[in-house]
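Let me begin by presenting the structure, written as structure tokens, before commenting on it.
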Amino acid sequence: MEDHRQFRQALGSFPTGVAIITASGQDGRRAGLTVNSFSSVSLRPRLVSWSLDRNSSSFQICMAAEYFAVHILAEDQEHLANRFCTSAIDRFAGVEVTQGQGNLPLLEGCAAIFQCRTVHRYDGGDHVIFVGEVLDFTKSGRESLAFYSGRYAAVSKQPVPLASMDSDVGVDLMAFLLRRAYSQLAMPLRFPLRRYGLHDVHRTVLSVLSMGEGRSTDEMSSLVSLSGHAVQPEHYEELCRQCLVESRKEDGQTRLYFTPAGRALVMEQAMIGKAAEDEALSDFERQEVIWLKYLLKKLIHKTSEGLPSEFRKERFWRQNNIWGAVAPEGLTTSTAVSKAAQSHSR
């Protein structure tokens, strides 16, 4: 049994497409099942194949059917893949179909559909291998659903080089790309500060303070300096003068706290930042956004190895951060921004 499980896991190392096979018996009964065994066999003639478990509830109908249809599922059709592999239900209930050759039930919205006539059935151990001649096919151009290591995924296209950036010096350096992307994404965050005549150093002070209030001015200056800004006493004085921050004498040190106006300004910045992110990613596919954030987190995790202690997030995040997030492990940027938007809208 253990070898059987390991064999299945090893087979799962090979990414496949996800397809639904449909067929119609002589008595009008319909069969439909999810498979990942679909494969092309020949271009001339056009032949394709798939395999069926002998214990499948669709076995008798498919064995007797002259025709079958192969539906290559689109990336948003995971629900159909799950439906057509669920036992003891009418898999076609509530599913819109049209009629194909030989009364084949054809599903809608798929990435591609092949209507086939069965030309061979081969013994394949506990499966039967069907080979069909493709009589007709359609292709929608939609992205396909994939199956890999026990999970569904979308098929991503290879990245296309941006010709307009080919001449940029150092464009392939990761640090350059990240810095440029950050600078352009952060540009809208400067707008709220203009009402107060504030600059990037003030924005950085507010950002650090949002991760934990009650810091001493010495600690604040140390943390802000990691961004490349040098904080002077007049910067704190300006924030206090405009009633965005207040200073308190505690334990012989000057400590900084937000005022309601300062807290509201930071919340506003968070909402503007989220809107800027949504706009920047508006032309991205959903899967591209997921992969982009996953790869950035992976890069952050990798480059955090051996990081000097002054750069570690434990120095920045405190339990009394204004986002109400768990610090330091339980916080993500999206969590903070979401909380900011919800709090600001109340």
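Just so we're on the same page: first chain in the structure tokens is A, next is B, and so on; residues restart at 1 for each chain, and ligands are numbered from 1 in the order they show up.
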
Original post:
Which residues in stretch 49-223 of chain A does DSSP call strand (DSSP E or B)? List them as a ChimeraX atom specification.
Top reply: /A:49-53,67-72,74,97-99,105-107,112-124,127-139,144-148,151-154,215-216

**OP:** With a distance cut-off of 10 Å and only C-alpha atoms, select the neighbouring residues of A:Ser49, excluding the residue or stretch itself and same-chain residues fewer than 3 positions from it, and output the selection as a ChimeraX atom specification.
**Re:** /A:37-42,70,116,118,120-121,129-133

Within 6 Å of stretch 212-228 of chain A using only C-alpha atoms, minus same-chain residues under 2 positions, as a PDB file with C-alpha atoms, in the first residue's frame:
```pdb
ATOM      1  CA  LEU A 209       5.788  54.734  14.161  1.00  0.00           C
ATOM      2  CA  SER A 210       2.773  52.893  12.713  1.00  0.00           C
ATOM      3  CA  ALA A 230      18.686  61.104   8.597  1.00  0.00           C
ATOM      4  CA  VAL A 231      16.100  62.406  11.071  1.00  0.00           C
ATOM      5  CA  THR A 254      11.109  61.545  24.860  1.00  0.00           C
ATOM      6  CA  ARG A 255       8.690  59.055  23.304  1.00  0.00           C
ATOM      7  CA  LEU A 256       6.462  59.540  20.279  1.00  0.00           C
ATOM      8  CA  TYR A 257       2.774  58.688  19.815  1.00  0.00           C
ATOM      9  CA  TRP A 317       6.983  45.522  14.816  1.00  0.00           C
ATOM     10  CA  ARG A 318       5.449  45.839  18.265  1.00  0.00           C
ATOM     11  CA  ASN A 320       0.872  48.128  19.855  1.00  0.00           C
ATOM     12  CA  ASN A 321       1.179  48.770  16.104  1.00  0.00           C
TER      13      ASN A 321
END
```

**OP:** Select, from A:Leu185, A:Asp53, A:Gly102, A:Glu108, the residue with the minimum atom-to-atom distance to A:Lys274, counting only C-alpha atoms.
**Re:** A:Leu185

Original post:
Between A:Cys62, A:Leu52, A:Leu189, A:Leu73, which is the closest to A:Gly273 once you count only C-alpha atoms?
Top reply: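 Of all the options, A:Leu189 lies closest to A:Gly273.
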
Original post:
In terms of the shortest atom-to-atom distance over only C-alpha atoms, which of A:Ser140, A:Gln287, A:Ser87, A:Gln269 is closest to A:Arg194?
Top reply: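 Smallest distance to A:Arg194 is found for A:Gln269.
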
**OP:** Please measure the separation of atom CA of A:Leu296 and atom CA of A:Phe176, giving the value in Å to one decimal.
**Re:** 14.3 Å

Subject >> Contacts of stretch 14-19 of chain A within 6 Å, only C-alpha atoms, excl. fewer than 4 positions in-chain, as a ChimeraX atom specification >> reply: /A:34-36,71-73,145-148

Restricting it to C-alpha atoms, dump the selection as a CSV table (one decimal), in the first residue's frame.
```csv
chain,number,residue,atom,x,y,z
A,34,THR,CA,-12.6,14.3,-14.9
A,35,VAL,CA,-9.3,12.9,-16.2
A,36,ASN,CA,-5.7,14.0,-16.5
A,71,HIS,CA,-13.0,19.2,-22.8
A,72,ILE,CA,-9.8,21.0,-21.9
A,73,LEU,CA,-10.8,23.0,-18.9
A,145,LEU,CA,-6.4,24.6,-15.9
A,146,ALA,CA,-3.5,22.4,-14.8
A,147,PHE,CA,-3.0,19.7,-12.2
A,148,TYR,CA,0.3,19.3,-10.3
```

Original post:
Which neighbours of A:Gly262 fall inside 7 Å, counting only C-alpha atoms, when residues of the same chain fewer than 3 positions from it are skipped, and could you give them as a PyMOL selection string?
Top reply: chain A and resi 244-245+258-259+265-266

Original post:
From the list A:Leu239, A:Leu47, A:Leu178, A:Ala23, which residue is nearest A:Asp136 when using only C-alpha atoms?
Top reply: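 Looking only at the distances to A:Asp136, the closest residue turns out to be A:Leu47.
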